[in-house]
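Only one structure is covered here, and it is reproduced in the block below.
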Amino acid sequence: MKIATWNINSVRLRKEQILSFLKKEKIDLICLQETKVTNEEFPLKYFNKEGFIYSYIRGEKSYNGVAILSKIPIKKKIFYNFCGLNDARHIQVVLDNSIIIHNFYVPAGGDIPDINKNPKFKHKVKFLKEMIDFLKVTKKKSKILLGDFNIAPMQNDVWSHKQLLNVVSHTKLEVDYFNELLDKAGVIDITREFFNLEERIYTWWSYRNRNWAKSDRGRRLDHILISESLKGFIQEVKLYKSLRGEKNPSDHIPVSIALNV
DNA sequence: ATGGCGCGGTCACCGCGA
């Protein structure tokens with residue numbers, strides 16, 4: 001079973017790229033973020049006719065939006081609201097084998113890393129706190145958390161640890177919350193387990209840098225976190241950097257895991 | 001060292017991303 005996550009930055013604009021990726025990499029289930037579309041306007045039939053007959057979509061106009069497209073049956077569909085907002089940042093499904101899959105789009109947090117000066121950062125921090133409280137009660141359950149966490153937790157998850165210490169996504173406050181989440185939710189950062197700690201790995205490169213590949217100033221913001229109990233079933237973890245170089249790309253690339261279950 | 005782009009909406013500009 002192969003599961004992927006991808007912040008797609010508009011599903012309508014990039015449905016062909018998504019399908020091509022799903023086919024080429026033989027993905028069974030994908031979690032999308034920033035679909036930027038209402039459920040009514042979501043191109044669901046486009047994926048249904050290609051075998052992704054199971055789905056759970058939750059979108060809104062213009063902003064945010066998450067979706068799960070699957071070839072594998074989905075037993076249960078649930079969503080949760082954080083910070084009292086109905087803003088389509090989380091959905092959850094349960095598979096027939098009882099594995100729980102969460103798809104998250106954590107708030108970006110704006111520019112200034114100060115909760116007293118920047119309401120967007122305050123929102124992000126509150127979201128993370130509520131996420132921890134929400135997940136800690138399921139610590140013992142077999143689960144996979146995927147999505148755009150908007151946090152680059154380790155030194156080699158950014159192009160320059162020193163220069164990004166005070167940049168939203170890599171501040172100590174955010175990294176501490178990320179690690180608390182791993183601990184309290186009972187999950188591990190499986191991508192890092194499959195790559196050397198010394199290796200710089202990214203899932204996002206800014207649109208603003210035309211020469212993104214050459215300057216390579218990326219960040220690892222997209223994650224797949226799995227229960228300890230599932231670790232033995234993981235056969236591979238893949239990052240698809242080449243997709244950032246496609247025509248009209250998303251600024252994020254997909255990440256996938258292959259599970260032997 | 002800095003600035004750099006791309007999305008959706010209802011517009012030819014803005015809010016937002018990170």
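Residue numbering restarts at 1 for every chain of the structure tokens, chains are lettered A, B, ... in their displayed order, and ligands are numbered from 1 as they appear.
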Determine which residues of stretch 192-251 of chain A receive a DSSP assignment of alpha helix (DSSP H), computed from the backbone, and state them as a PyMOL selection string.
chain A and resi 192-194+212-215
Take the residues just selected and output them with C-alpha atoms as a compact mmCIF listing (two decimals), in the first residue's frame.
# COMPACT_ATOMS: atom_id res chain seq x y z
CA ARG A 192 13.84 11.44 8.76
CA GLU A 193 14.24 7.80 9.77
CA PHE A 194 14.82 6.95 6.12
CA TRP A 212 14.92 27.48 -7.13
CA ALA A 213 16.97 24.42 -8.10
CA LYS A 214 20.27 26.22 -8.29
CA SER A 215 19.94 28.22 -5.07
Select, as number ranges by chain, those residues of chain B with any atom no more than 10 Å from chain A (distances computed using only C-alpha atoms (C1' of nucleotides)).
B: 3-9, 16-18
Select, from A:Asn116, A:Leu44, A:Leu146, A:Lys71, the residue with the minimum atom-to-atom distance to A:Leu32, counting only C-alpha atoms.
A:Leu146
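When only C-alpha atoms are used to measure the gap to A:Val106, the shortest distance among A:Lys247, A:His161, A:Lys120, A:Lys140 belongs to A:Lys120.
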As a PyMOL selection string, list the residues of stretch 66-164 of chain A assigned to strand (DSSP E or B) by DSSP on the backbone atoms of this structure.
chain A and resi 66-70+74-78+82+85+90-95+100-105+143-148+158
Write out as a ChimeraX atom specification each polymer residue whose atoms come within 12 Å of A:Phe79, counting only C-alpha atoms (C1' of nucleotides); drop sequence neighbours fewer than 2 positions from it.
/A:56-59,65-68,76-77,81-82,86-94,101-104,134
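Counting from atom CA of A:His223, the distance to atom CA of A:Gly147 is 5.7 Å.
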